[in-house]
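A quick write-up on the structure given underneath.
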Amino acid sequence: MACAPPMVASRLVFDCSPVRMLFGLPVNGRRVRFDETAFYEFLGAKIVSVRSVIDTAGVAAQLPRADD
């Protein structure tokens, strides 16, 4: 991942067990792992904009299907 100032790119890794819904998905306490790619735009020392991409289909694939 590459970007140029005033942008900073990062990859965040989440390994969590949300109690209820996550991204509109009924996680309900199940453990899920997903990555978020975030782009932060700075003006001086302050973040003025954040854009991120999260693979919600990857989260859904970790959940049991209704016919399981």
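Identifiers in this document derive from the order of the structure tokens: chains are assigned A, B, ..., residues are numbered from 1 separately in each chain, and ligands are numbered from 1 in order of occurrence.
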Neighbour list for Met21 (chain A) as a ChimeraX atom specification, cut-off 12 Å, only C-alpha atoms, skip fewer than 4 positions in-chain: /A:17,25-30,32,59-60,63
Output C-alpha atoms for every residue in the selection just made, as a JSON list (two decimals), in the first residue's frame.
```json
[["chain", "number", "residue", "atom", "x", "y", "z"],
["A", 17, "SER", "CA", -16.69, -10.75, 19.21],
["A", 25, "LEU", "CA", -24.71, -8.77, 9.94],
["A", 26, "PRO", "CA", -26.00, -10.75, 12.95],
["A", 27, "VAL", "CA", -22.64, -11.55, 14.56],
["A", 28, "ASN", "CA", -24.24, -11.87, 18.02],
["A", 29, "GLY", "CA", -21.10, -12.63, 20.04],
["A", 30, "ARG", "CA", -19.35, -14.87, 17.50],
["A", 32, "VAL", "CA", -14.82, -12.69, 13.64],
["A", 59, "VAL", "CA", -17.15, -11.22, 7.73],
["A", 60, "ALA", "CA", -20.37, -12.78, 6.38],
["A", 63, "LEU", "CA", -20.94, -16.66, 10.08]]
```
Would you please give, as a PyMOL selection string, all residues of chain A that DSSP assigns to strand (DSSP E) based on the backbone? chain A and resi 7-16+21-22+25-26+32-43+46-54
Using only C-alpha atoms, which of the listed residues (A:Ala38, A:Leu43, A:Ala4, A:Leu22) sits closest to Thr56 (chain A)? A:Leu22
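Distance check against Phe34 (chain A) using only C-alpha atoms: of A:Phe14, A:Ala57, A:Ala9, A:Gln62, the minimum falls on A:Phe14.
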Which neighbours of Phe42 (chain A) fall inside 8 Å, counting only C-alpha atoms, when residues of the same chain fewer than 4 positions from it are skipped, and could you give them as a short mmCIF file (atom, residue, chain, number, x, y, z; two decimals) with all heavy atoms, in the first residue's frame?
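Saved result, around_37.cif, follows:
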```cif
data_model
loop_
_atom_site.label_atom_id
_atom_site.label_comp_id
_atom_site.auth_asym_id
_atom_site.auth_seq_id
_atom_site.Cartn_x
_atom_site.Cartn_y
_atom_site.Cartn_z
N PRO A 5 2.06 12.16 0.95
CA PRO A 5 1.53 13.21 1.82
C PRO A 5 0.59 14.13 1.04
O PRO A 5 0.83 14.37 -0.14
CB PRO A 5 2.78 13.96 2.27
CG PRO A 5 3.89 12.98 2.11
CD PRO A 5 3.51 12.13 0.94
N PRO A 6 -0.46 14.59 1.64
CA PRO A 6 -0.82 14.58 3.05
C PRO A 6 -1.61 13.33 3.48
O PRO A 6 -2.26 13.33 4.51
CB PRO A 6 -1.67 15.83 3.20
CG PRO A 6 -2.41 15.91 1.90
CD PRO A 6 -1.41 15.43 0.87
N MET A 7 -1.55 12.24 2.67
CA MET A 7 -2.29 11.03 2.99
C MET A 7 -1.40 10.03 3.71
O MET A 7 -0.19 9.95 3.45
CB MET A 7 -2.83 10.38 1.71
CG MET A 7 -3.74 11.27 0.89
SD MET A 7 -5.31 11.62 1.68
CE MET A 7 -6.10 10.05 1.60
N VAL A 8 -2.00 9.27 4.62
CA VAL A 8 -1.33 8.16 5.29
C VAL A 8 -2.25 6.95 5.14
O VAL A 8 -3.45 7.05 5.40
CB VAL A 8 -1.08 8.45 6.79
CG1 VAL A 8 -0.57 7.22 7.50
CG2 VAL A 8 -0.13 9.61 6.95
N LYS A 46 -3.64 17.60 12.10
CA LYS A 46 -5.02 17.13 12.31
C LYS A 46 -5.50 16.28 11.15
O LYS A 46 -5.22 16.57 9.99
CB LYS A 46 -5.97 18.30 12.50
CG LYS A 46 -5.67 19.09 13.75
CD LYS A 46 -6.76 20.08 14.02
CE LYS A 46 -6.40 20.82 15.30
NZ LYS A 46 -7.52 21.13 16.09
N ILE A 47 -6.24 15.22 11.48
CA ILE A 47 -6.88 14.40 10.46
C ILE A 47 -8.12 15.14 9.99
O ILE A 47 -8.98 15.51 10.80
CB ILE A 47 -7.27 13.02 11.03
CG1 ILE A 47 -6.02 12.26 11.45
CG2 ILE A 47 -8.08 12.23 10.01
CD1 ILE A 47 -6.31 10.98 12.21
N VAL A 48 -8.23 15.37 8.69
CA VAL A 48 -9.38 16.10 8.15
C VAL A 48 -10.31 15.20 7.35
O VAL A 48 -11.45 15.57 7.06
CB VAL A 48 -8.94 17.31 7.29
CG1 VAL A 48 -8.23 18.34 8.16
CG2 VAL A 48 -8.07 16.89 6.13
N SER A 49 -9.85 13.99 7.01
CA SER A 49 -10.68 13.08 6.22
C SER A 49 -10.21 11.66 6.44
O SER A 49 -9.01 11.40 6.55
CB SER A 49 -10.55 13.45 4.73
OG SER A 49 -11.15 12.49 3.91
#
```
Give me the residues within 12 Å of Arg11 (chain A) as a list in words, counting only C-alpha atoms and dropping any in the same chain fewer than 2 places off. Met1, Ala2, Val8, Ala9, Val13, Phe14, Phe34, Asp35, Glu36, Thr37, Ala38, Phe39, Tyr40, Arg51, Ser52, Val53 and Ile54 of chain A
Taking the backbone alone, and naming residues the way the document does, which bits of chain A are helix (DSSP H, G or I) by DSSP, as a list of chain:residue names? A:Thr56, A:Ala57, A:Gly58, A:Val59, A:Ala60, A:Ala61
